[in-house]
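A short write-up of the structure that comes next.
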Amino acid sequence: LVTTMANAGSLGSRVYPVMNVVNELKHFINTNLSGEEQAKYTYLKALCDPLMIYLAMLDTDMYGSMAYTEAYQARYGGTLTPKYDTQKELFDLWEKELKSAVETLANEVTLDGKAVAQQSLGSQDFIYKGDYNKWLKFANSLRLKLAARLINEDLDRALNIVKEVSKYPVMDGLADDVFYNKSIDDRHFKGGPSLNRVSGSMQLVNFLVDNFDPRVRFFFEK
């Protein structure tokens, strides 16, 4: 992986483990809660889509089509052989889901005309510590990533997404950045080769140096 700079084995590989949890979470909320109790989790459900899209976008960048809309649905009456959605189908879906997530997180949740306080994950949210405003910025910024992927295919559509994004806040500093500390016990290459025993190709090392990539000094020695 170090010499080929592939996405394989990186964030994209987490799509399905995370999807498994997300699908169960949504199913539990939709089938076991009702009324105000269900309404308390509106924001929590909304942030699931941007998280999934962030991971899956990296995967489809690498491989194109992927099982997504029907994946991990067998236990809920779905299929064990999910279809592969094309990248175009995924982009269409993600545009709608991100827009919906942003609009949900940007507005107060009400039930029967009364505001419903949202359940906070607090420290159980490893990324933003339950700060839904930062999740809003994250979801809205992902729309820009999607627009960047569409710009050469459909310029007008891409520019329209950018125009809509401008209505809401975006990530504008390190304080808004996604930070996920898996744990101090995660040593990445357990049972396998360590990074200080691999050799980088000249192409890779030159690319890192030319682009001032800070990882070069951790991965390699001269």
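Every chain in the structure tokens has a letter given in the order shown (A, B, ...), and although residue numbers restart at 1 in each chain, ligands are simply numbered from 1 in the order shown.
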
Applying 9 Å and only C-alpha atoms, which residues near Val178 of chain A remain after dropping the ones on its own chain fewer than 3 positions away? List them as a short mmCIF file (atom, residue, chain, number, x, y, z; two decimals) with N, CA and C atoms, in the first residue's frame.
```cif
data_model
loop_
_atom_site.label_atom_id
_atom_site.label_comp_id
_atom_site.auth_asym_id
_atom_site.auth_seq_id
_atom_site.Cartn_x
_atom_site.Cartn_y
_atom_site.Cartn_z
N ILE A 127 -15.68 11.83 17.10
CA ILE A 127 -15.25 12.83 16.12
C ILE A 127 -15.52 14.25 16.60
N TYR A 128 -16.78 14.53 16.95
CA TYR A 128 -17.15 15.91 17.29
C TYR A 128 -17.74 16.06 18.69
N PHE A 138 -19.62 19.57 8.49
CA PHE A 138 -19.02 18.41 7.83
C PHE A 138 -19.88 17.95 6.66
N LEU A 174 -9.18 24.33 11.52
CA LEU A 174 -8.77 23.04 12.09
C LEU A 174 -9.72 22.57 13.18
N ALA A 175 -10.40 23.51 13.84
CA ALA A 175 -11.34 23.13 14.90
C ALA A 175 -12.52 22.35 14.35
#
```

If DSSP is run on the backbone, what residues of segment 40-204 of chain A are alpha helix (DSSP H)? A reply as an mmCIF file with N, CA and C atoms, in the first residue's frame would be ideal.
```cif
data_model
loop_
_atom_site.group_PDB
_atom_site.id
_atom_site.type_symbol
_atom_site.label_atom_id
_atom_site.label_comp_id
_atom_site.auth_asym_id
_atom_site.auth_seq_id
_atom_site.Cartn_x
_atom_site.Cartn_y
_atom_site.Cartn_z
ATOM 1 N N THR A 42 -33.487 12.520 15.823
ATOM 2 C CA THR A 42 -33.525 13.012 14.442
ATOM 3 C C THR A 42 -32.142 13.433 13.966
ATOM 4 N N TYR A 43 -31.427 14.200 14.779
ATOM 5 C CA TYR A 43 -30.089 14.651 14.394
ATOM 6 C C TYR A 43 -29.122 13.467 14.287
ATOM 7 N N LEU A 44 -29.251 12.532 15.223
ATOM 8 C CA LEU A 44 -28.352 11.378 15.230
ATOM 9 C C LEU A 44 -28.513 10.567 13.949
ATOM 10 N N LYS A 45 -29.745 10.357 13.518
ATOM 11 C CA LYS A 45 -29.983 9.650 12.255
ATOM 12 C C LYS A 45 -29.437 10.444 11.074
ATOM 13 N N ALA A 46 -29.582 11.759 11.133
ATOM 14 C CA ALA A 46 -29.151 12.612 10.020
ATOM 15 C C ALA A 46 -27.647 12.566 9.815
ATOM 16 N N LEU A 47 -26.868 12.476 10.888
ATOM 17 C CA LEU A 47 -25.407 12.500 10.739
ATOM 18 C C LEU A 47 -24.862 11.166 10.226
ATOM 19 N N CYS A 48 -25.684 10.116 10.276
ATOM 20 C CA CYS A 48 -25.225 8.807 9.793
ATOM 21 C C CYS A 48 -24.936 8.831 8.295
ATOM 22 N N ASP A 49 -25.767 9.533 7.537
ATOM 23 C CA ASP A 49 -25.578 9.561 6.084
ATOM 24 C C ASP A 49 -24.271 10.242 5.676
ATOM 25 N N PRO A 50 -23.950 11.430 6.205
ATOM 26 C CA PRO A 50 -22.659 12.038 5.842
ATOM 27 C C PRO A 50 -21.464 11.162 6.211
ATOM 28 N N LEU A 51 -21.542 10.482 7.346
ATOM 29 C CA LEU A 51 -20.442 9.604 7.745
ATOM 30 C C LEU A 51 -20.276 8.468 6.747
ATOM 31 N N MET A 52 -21.392 7.843 6.352
ATOM 32 C CA MET A 52 -21.337 6.757 5.383
ATOM 33 C C MET A 52 -20.842 7.252 4.022
ATOM 34 N N ILE A 53 -21.329 8.409 3.606
ATOM 35 C CA ILE A 53 -20.962 8.952 2.299
ATOM 36 C C ILE A 53 -19.482 9.300 2.256
ATOM 37 N N TYR A 54 -18.966 9.839 3.354
ATOM 38 C CA TYR A 54 -17.542 10.184 3.421
ATOM 39 C C TYR A 54 -16.680 8.944 3.173
ATOM 40 N N LEU A 55 -17.017 7.837 3.824
ATOM 41 C CA LEU A 55 -16.253 6.611 3.667
ATOM 42 C C LEU A 55 -16.448 6.010 2.274
ATOM 43 N N ALA A 56 -17.709 5.951 1.830
ATOM 44 C CA ALA A 56 -18.013 5.312 0.544
ATOM 45 C C ALA A 56 -17.490 6.112 -0.639
ATOM 46 N N MET A 57 -17.421 7.426 -0.499
ATOM 47 C CA MET A 57 -16.922 8.258 -1.584
ATOM 48 C C MET A 57 -15.461 7.904 -1.895
ATOM 49 N N LEU A 58 -14.696 7.623 -0.866
ATOM 50 C CA LEU A 58 -13.305 7.226 -1.066
ATOM 51 C C LEU A 58 -13.225 5.873 -1.759
ATOM 52 N N ASP A 59 -14.156 4.987 -1.417
ATOM 53 C CA ASP A 59 -14.163 3.659 -2.005
ATOM 54 C C ASP A 59 -14.535 3.711 -3.483
ATOM 55 N N THR A 60 -15.554 4.481 -3.814
ATOM 56 C CA THR A 60 -15.978 4.550 -5.223
ATOM 57 C C THR A 60 -14.974 5.334 -6.068
ATOM 58 N N ASP A 61 -14.213 6.235 -5.435
ATOM 59 C CA ASP A 61 -13.123 6.895 -6.160
ATOM 60 C C ASP A 61 -12.149 5.857 -6.705
ATOM 61 N N MET A 62 -11.952 4.808 -5.917
ATOM 62 C CA MET A 62 -10.969 3.792 -6.270
ATOM 63 C C MET A 62 -11.540 2.719 -7.181
ATOM 64 N N TYR A 63 -12.774 2.289 -6.890
ATOM 65 C CA TYR A 63 -13.305 1.106 -7.557
ATOM 66 C C TYR A 63 -14.543 1.343 -8.417
ATOM 67 N N GLN A 87 -21.491 4.469 -10.050
ATOM 68 C CA GLN A 87 -21.024 5.709 -9.435
ATOM 69 C C GLN A 87 -22.011 6.851 -9.691
ATOM 70 N N LYS A 88 -22.599 6.889 -10.862
ATOM 71 C CA LYS A 88 -23.584 7.924 -11.163
ATOM 72 C C LYS A 88 -24.796 7.799 -10.242
ATOM 73 N N GLU A 89 -25.269 6.576 -10.042
ATOM 74 C CA GLU A 89 -26.407 6.347 -9.136
ATOM 75 C C GLU A 89 -26.058 6.761 -7.713
ATOM 76 N N LEU A 90 -24.840 6.453 -7.299
ATOM 77 C CA LEU A 90 -24.397 6.814 -5.952
ATOM 78 C C LEU A 90 -24.326 8.322 -5.783
ATOM 79 N N PHE A 91 -23.781 9.014 -6.772
ATOM 80 C CA PHE A 91 -23.681 10.476 -6.683
ATOM 81 C C PHE A 91 -25.061 11.124 -6.624
ATOM 82 N N ASP A 92 -26.003 10.590 -7.404
ATOM 83 C CA ASP A 92 -27.372 11.117 -7.370
ATOM 84 C C ASP A 92 -27.983 10.927 -5.984
ATOM 85 N N LEU A 93 -27.794 9.737 -5.423
ATOM 86 C CA LEU A 93 -28.324 9.432 -4.100
ATOM 87 C C LEU A 93 -27.658 10.287 -3.036
ATOM 88 N N TRP A 94 -26.338 10.383 -3.088
ATOM 89 C CA TRP A 94 -25.611 11.121 -2.057
ATOM 90 C C TRP A 94 -25.919 12.608 -2.082
ATOM 91 N N GLU A 95 -26.158 13.144 -3.267
ATOM 92 C CA GLU A 95 -26.525 14.555 -3.342
ATOM 93 C C GLU A 95 -27.823 14.810 -2.575
ATOM 94 N N LYS A 96 -28.798 13.920 -2.753
ATOM 95 C CA LYS A 96 -30.082 14.060 -2.061
ATOM 96 C C LYS A 96 -29.922 13.854 -0.555
ATOM 97 N N GLU A 97 -29.137 12.837 -0.171
ATOM 98 C CA GLU A 97 -28.977 12.533 1.249
ATOM 99 C C GLU A 97 -28.212 13.630 1.981
ATOM 100 N N LEU A 98 -27.187 14.173 1.359
ATOM 101 C CA LEU A 98 -26.420 15.243 1.992
ATOM 102 C C LEU A 98 -27.263 16.511 2.138
ATOM 103 N N LYS A 99 -28.028 16.832 1.114
ATOM 104 C CA LYS A 99 -28.900 18.004 1.179
ATOM 105 C C LYS A 99 -29.908 17.843 2.307
ATOM 106 N N SER A 100 -30.487 16.649 2.410
ATOM 107 C CA SER A 100 -31.459 16.376 3.466
ATOM 108 C C SER A 100 -30.815 16.460 4.853
ATOM 109 N N ALA A 101 -29.600 15.892 4.985
ATOM 110 C CA ALA A 101 -28.907 15.908 6.274
ATOM 111 C C ALA A 101 -28.591 17.331 6.710
ATOM 112 N N VAL A 102 -28.117 18.150 5.767
ATOM 113 C CA VAL A 102 -27.784 19.544 6.075
ATOM 114 C C VAL A 102 -29.029 20.304 6.521
ATOM 115 N N GLU A 103 -30.113 20.158 5.795
ATOM 116 C CA GLU A 103 -31.339 20.878 6.130
ATOM 117 C C GLU A 103 -31.906 20.411 7.469
ATOM 118 N N THR A 104 -31.750 19.126 7.778
ATOM 119 C CA THR A 104 -32.210 18.605 9.069
ATOM 120 C C THR A 104 -31.389 19.161 10.216
ATOM 121 N N LEU A 105 -30.062 19.107 10.071
ATOM 122 C CA LEU A 105 -29.177 19.565 11.143
ATOM 123 C C LEU A 105 -29.211 21.079 11.325
ATOM 124 N N TYR A 132 -23.455 18.966 17.141
ATOM 125 C CA TYR A 132 -24.192 18.798 15.889
ATOM 126 C C TYR A 132 -23.925 19.937 14.904
ATOM 127 N N ASN A 133 -23.506 21.080 15.392
ATOM 128 C CA ASN A 133 -23.175 22.177 14.488
ATOM 129 C C ASN A 133 -21.956 21.824 13.637
ATOM 130 N N LYS A 134 -21.021 21.097 14.237
ATOM 131 C CA LYS A 134 -19.846 20.667 13.471
ATOM 132 C C LYS A 134 -20.214 19.557 12.486
ATOM 133 N N TRP A 135 -21.167 18.712 12.867
ATOM 134 C CA TRP A 135 -21.634 17.705 11.930
ATOM 135 C C TRP A 135 -22.326 18.377 10.738
ATOM 136 N N LEU A 136 -23.028 19.470 10.992
ATOM 137 C CA LEU A 136 -23.656 20.234 9.917
ATOM 138 C C LEU A 136 -22.595 20.749 8.949
ATOM 139 N N LYS A 137 -21.520 21.320 9.483
ATOM 140 C CA LYS A 137 -20.444 21.836 8.641
ATOM 141 C C LYS A 137 -19.800 20.710 7.833
ATOM 142 N N PHE A 138 -19.621 19.569 8.486
ATOM 143 C CA PHE A 138 -19.022 18.413 7.830
ATOM 144 C C PHE A 138 -19.883 17.945 6.665
ATOM 145 N N ALA A 139 -21.188 17.809 6.900
ATOM 146 C CA ALA A 139 -22.106 17.354 5.855
ATOM 147 C C ALA A 139 -22.169 18.350 4.704
ATOM 148 N N ASN A 140 -22.192 19.635 5.035
ATOM 149 C CA ASN A 140 -22.273 20.657 3.993
ATOM 150 C C ASN A 140 -20.987 20.718 3.172
ATOM 151 N N SER A 141 -19.861 20.508 3.834
ATOM 152 C CA SER A 141 -18.575 20.505 3.125
ATOM 153 C C SER A 141 -18.445 19.294 2.208
ATOM 154 N N LEU A 142 -19.066 18.181 2.605
ATOM 155 C CA LEU A 142 -19.044 17.001 1.747
ATOM 156 C C LEU A 142 -19.762 17.265 0.429
ATOM 157 N N ARG A 143 -20.734 18.163 0.451
ATOM 158 C CA ARG A 143 -21.427 18.517 -0.786
ATOM 159 C C ARG A 143 -20.442 19.164 -1.769
ATOM 160 N N LEU A 144 -19.481 19.914 -1.224
ATOM 161 C CA LEU A 144 -18.458 20.509 -2.098
ATOM 162 C C LEU A 144 -17.555 19.424 -2.685
ATOM 163 N N LYS A 145 -17.244 18.404 -1.909
ATOM 164 C CA LYS A 145 -16.446 17.298 -2.430
ATOM 165 C C LYS A 145 -17.191 16.593 -3.565
ATOM 166 N N LEU A 146 -18.495 16.464 -3.381
ATOM 167 C CA LEU A 146 -19.299 15.833 -4.417
ATOM 168 C C LEU A 146 -19.334 16.704 -5.674
ATOM 169 N N ALA A 147 -19.474 18.008 -5.473
ATOM 170 C CA ALA A 147 -19.493 18.937 -6.608
ATOM 171 C C ALA A 147 -18.181 18.869 -7.378
ATOM 172 N N ALA A 148 -17.071 18.726 -6.672
ATOM 173 C CA ALA A 148 -15.760 18.649 -7.328
ATOM 174 C C ALA A 148 -15.666 17.419 -8.231
ATOM 175 N N ARG A 149 -16.355 16.347 -7.843
ATOM 176 C CA ARG A 149 -16.338 15.132 -8.649
ATOM 177 C C ARG A 149 -17.287 15.213 -9.843
ATOM 178 N N LEU A 150 -18.222 16.137 -9.792
ATOM 179 C CA LEU A 150 -19.198 16.278 -10.871
ATOM 180 C C LEU A 150 -18.818 17.360 -11.887
ATOM 181 N N LEU A 155 -21.197 20.535 -15.273
ATOM 182 C CA LEU A 155 -20.751 21.788 -14.667
ATOM 183 C C LEU A 155 -21.902 22.556 -14.022
ATOM 184 N N ASP A 156 -23.021 22.648 -14.714
ATOM 185 C CA ASP A 156 -24.160 23.403 -14.176
ATOM 186 C C ASP A 156 -24.656 22.799 -12.859
ATOM 187 N N ARG A 157 -24.700 21.491 -12.822
ATOM 188 C CA ARG A 157 -25.146 20.813 -11.597
ATOM 189 C C ARG A 157 -24.160 21.047 -10.460
ATOM 190 N N ALA A 158 -22.890 20.968 -10.764
ATOM 191 C CA ALA A 158 -21.862 21.188 -9.752
ATOM 192 C C ALA A 158 -21.947 22.604 -9.184
ATOM 193 N N LEU A 159 -22.106 23.594 -10.065
ATOM 194 C CA LEU A 159 -22.192 24.983 -9.616
ATOM 195 C C LEU A 159 -23.464 25.240 -8.816
ATOM 196 N N ASN A 160 -24.533 24.524 -9.145
ATOM 197 C CA ASN A 160 -25.778 24.676 -8.397
ATOM 198 C C ASN A 160 -25.618 24.142 -6.976
ATOM 199 N N ILE A 161 -24.874 23.034 -6.839
ATOM 200 C CA ILE A 161 -24.606 22.486 -5.511
ATOM 201 C C ILE A 161 -23.803 23.492 -4.686
ATOM 202 N N VAL A 162 -22.782 24.091 -5.310
ATOM 203 C CA VAL A 162 -21.966 25.093 -4.619
ATOM 204 C C VAL A 162 -22.836 26.266 -4.159
ATOM 205 N N LYS A 163 -23.757 26.678 -5.001
ATOM 206 C CA LYS A 163 -24.661 27.778 -4.659
ATOM 207 C C LYS A 163 -25.512 27.422 -3.449
ATOM 208 N N GLU A 164 -26.013 26.194 -3.405
ATOM 209 C CA GLU A 164 -26.826 25.762 -2.272
ATOM 210 C C GLU A 164 -25.989 25.635 -1.008
ATOM 211 N N VAL A 165 -24.757 25.162 -1.166
ATOM 212 C CA VAL A 165 -23.855 25.012 -0.014
ATOM 213 C C VAL A 165 -23.620 26.353 0.677
ATOM 214 N N MET A 202 10.804 5.406 -5.847
ATOM 215 C CA MET A 202 11.247 6.768 -6.140
ATOM 216 C C MET A 202 10.052 7.647 -6.531
ATOM 217 N N GLN A 203 9.124 7.070 -7.272
ATOM 218 C CA GLN A 203 7.945 7.820 -7.702
ATOM 219 C C GLN A 203 7.141 8.304 -6.504
ATOM 220 N N LEU A 204 6.936 7.425 -5.535
ATOM 221 C CA LEU A 204 6.159 7.788 -4.357
ATOM 222 C C LEU A 204 6.884 8.836 -3.517
#
```

Exercise. Pull the strand (DSSP E or B) assignments for segment 44-134 of chain A out of DSSP run on the backbone, and list those residues as JSON, numbers by chain.
Key: {"A": [66, 67, 84, 85, 110, 111, 114, 115]}

Export, as a PDB file, in the first residue's frame, the selected residues with N, CA and C atoms.
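And here's part-v9.pdb as it stands now:
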```pdb
ATOM      1  N   MET A  66     -20.304   0.011  -6.513  1.00  0.00           N
ATOM      2  CA  MET A  66     -20.195  -0.704  -5.252  1.00  0.00           C
ATOM      3  C   MET A  66     -21.580  -1.041  -4.721  1.00  0.00           C
ATOM      4  N   ALA A  67     -21.656  -2.086  -3.934  1.00  0.00           N
ATOM      5  CA  ALA A  67     -22.918  -2.443  -3.285  1.00  0.00           C
ATOM      6  C   ALA A  67     -23.178  -1.430  -2.180  1.00  0.00           C
ATOM      7  N   TYR A  84     -24.973  -3.912  -7.359  1.00  0.00           N
ATOM      8  CA  TYR A  84     -23.897  -2.929  -7.378  1.00  0.00           C
ATOM      9  C   TYR A  84     -24.445  -1.634  -7.988  1.00  0.00           C
ATOM     10  N   ASP A  85     -24.445  -0.569  -7.191  1.00  0.00           N
ATOM     11  CA  ASP A  85     -24.880   0.737  -7.681  1.00  0.00           C
ATOM     12  C   ASP A  85     -23.740   1.373  -8.470  1.00  0.00           C
ATOM     13  N   THR A 110     -39.211  19.786  15.659  1.00  0.00           N
ATOM     14  CA  THR A 110     -40.449  20.069  16.386  1.00  0.00           C
ATOM     15  C   THR A 110     -41.411  18.893  16.273  1.00  0.00           C
ATOM     16  N   LEU A 111     -42.268  18.769  17.243  1.00  0.00           N
ATOM     17  CA  LEU A 111     -43.312  17.751  17.243  1.00  0.00           C
ATOM     18  C   LEU A 111     -44.559  18.382  17.839  1.00  0.00           C
ATOM     19  N   LYS A 114     -44.015  21.875  19.107  1.00  0.00           N
ATOM     20  CA  LYS A 114     -43.096  22.086  20.231  1.00  0.00           C
ATOM     21  C   LYS A 114     -41.691  21.590  19.863  1.00  0.00           C
ATOM     22  N   ALA A 115     -40.687  22.347  20.284  1.00  0.00           N
ATOM     23  CA  ALA A 115     -39.300  21.959  20.012  1.00  0.00           C
ATOM     24  C   ALA A 115     -38.934  20.699  20.787  1.00  0.00           C
TER      25      ALA A 115
END
```

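Among the candidates A:Asn23, A:Phe28, A:Glu36, A:Val15, the one nearest to Val116 of chain A when counting only C-alpha atoms is A:Glu36.
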
Practice problem: Please indicate the distance in Å from atom CA of Ala39 of chain A to atom CA of Lys167 of chain A, rounded to one decimal place. | Solution: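 These two atoms are separated by 24.9 Å.
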
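Taking atom CA of Asp172 of chain A and atom CA of Asn211 of chain A as endpoints, the distance between them is 21.9 Å.
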
Quiz prompt | atom CA of Arg75 of chain A to atom CA of Gln118 of chain A, distance in Å rounded to a single decimal | solution =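 Distance between the two atoms: 28.2 Å.
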
Quiz prompt | Using only C-alpha atoms: which of A:Ala117, A:Val170, A:Leu33, A:Val22 has the shortest distance to Gln73 of chain A | solution =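 The shortest atom-to-atom distance to Gln73 of chain A comes from A:Val22.
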
Quiz item: Taking only C-alpha atoms into account, which of A:Glu221, A:Ala106, A:Gly77, A:Tyr72 comes nearest Met19 of chain A?
Solution: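 Counting only C-alpha atoms, the residue closest to Met19 of chain A is A:Tyr72.
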
Which residues are near Glu70 of chain A? Cut-off 9 Å, only C-alpha atoms, ignore same chain within fewer than 4 positions. Put them as a CSV table (one decimal) with N, CA, C and O atoms, in the first residue's frame.
```
chain,number,residue,atom,x,y,z
A,74,ALA,N,-30.2,-7.7,4.6
A,74,ALA,CA,-30.8,-9.0,4.6
A,74,ALA,C,-31.6,-9.3,5.9
A,74,ALA,O,-32.7,-9.9,5.9
A,78,GLY,N,-34.2,-7.8,3.4
A,78,GLY,CA,-33.5,-7.5,2.1
A,78,GLY,C,-32.8,-8.7,1.5
A,78,GLY,O,-33.1,-9.9,1.9
A,79,THR,N,-31.9,-8.5,0.6
A,79,THR,CA,-31.3,-9.6,-0.1
A,79,THR,C,-29.9,-9.9,0.4
A,79,THR,O,-29.2,-9.1,0.9
A,80,LEU,N,-29.4,-11.2,0.2
A,80,LEU,CA,-28.1,-11.6,0.5
A,80,LEU,C,-27.1,-11.3,-0.7
A,80,LEU,O,-25.9,-11.5,-0.6
A,81,THR,N,-27.7,-10.9,-1.8
A,81,THR,CA,-26.9,-10.6,-3.0
A,81,THR,C,-27.3,-9.2,-3.5
A,81,THR,O,-28.0,-9.0,-4.5
A,82,PRO,N,-26.8,-8.2,-2.8
A,82,PRO,CA,-27.1,-6.8,-3.1
A,82,PRO,C,-26.6,-6.4,-4.5
A,82,PRO,O,-25.5,-6.9,-4.9
A,83,LYS,N,-27.3,-5.5,-5.2
A,83,LYS,CA,-26.9,-5.1,-6.5
A,83,LYS,C,-25.7,-4.1,-6.3
A,83,LYS,O,-25.5,-3.5,-5.2
A,84,TYR,N,-25.0,-3.9,-7.4
A,84,TYR,CA,-23.9,-2.9,-7.4
A,84,TYR,C,-24.4,-1.6,-8.0
A,84,TYR,O,-24.9,-1.6,-9.1
A,85,ASP,N,-24.4,-0.6,-7.2
A,85,ASP,CA,-24.9,0.7,-7.7
A,85,ASP,C,-23.7,1.4,-8.5
A,85,ASP,O,-22.6,1.3,-8.1
```
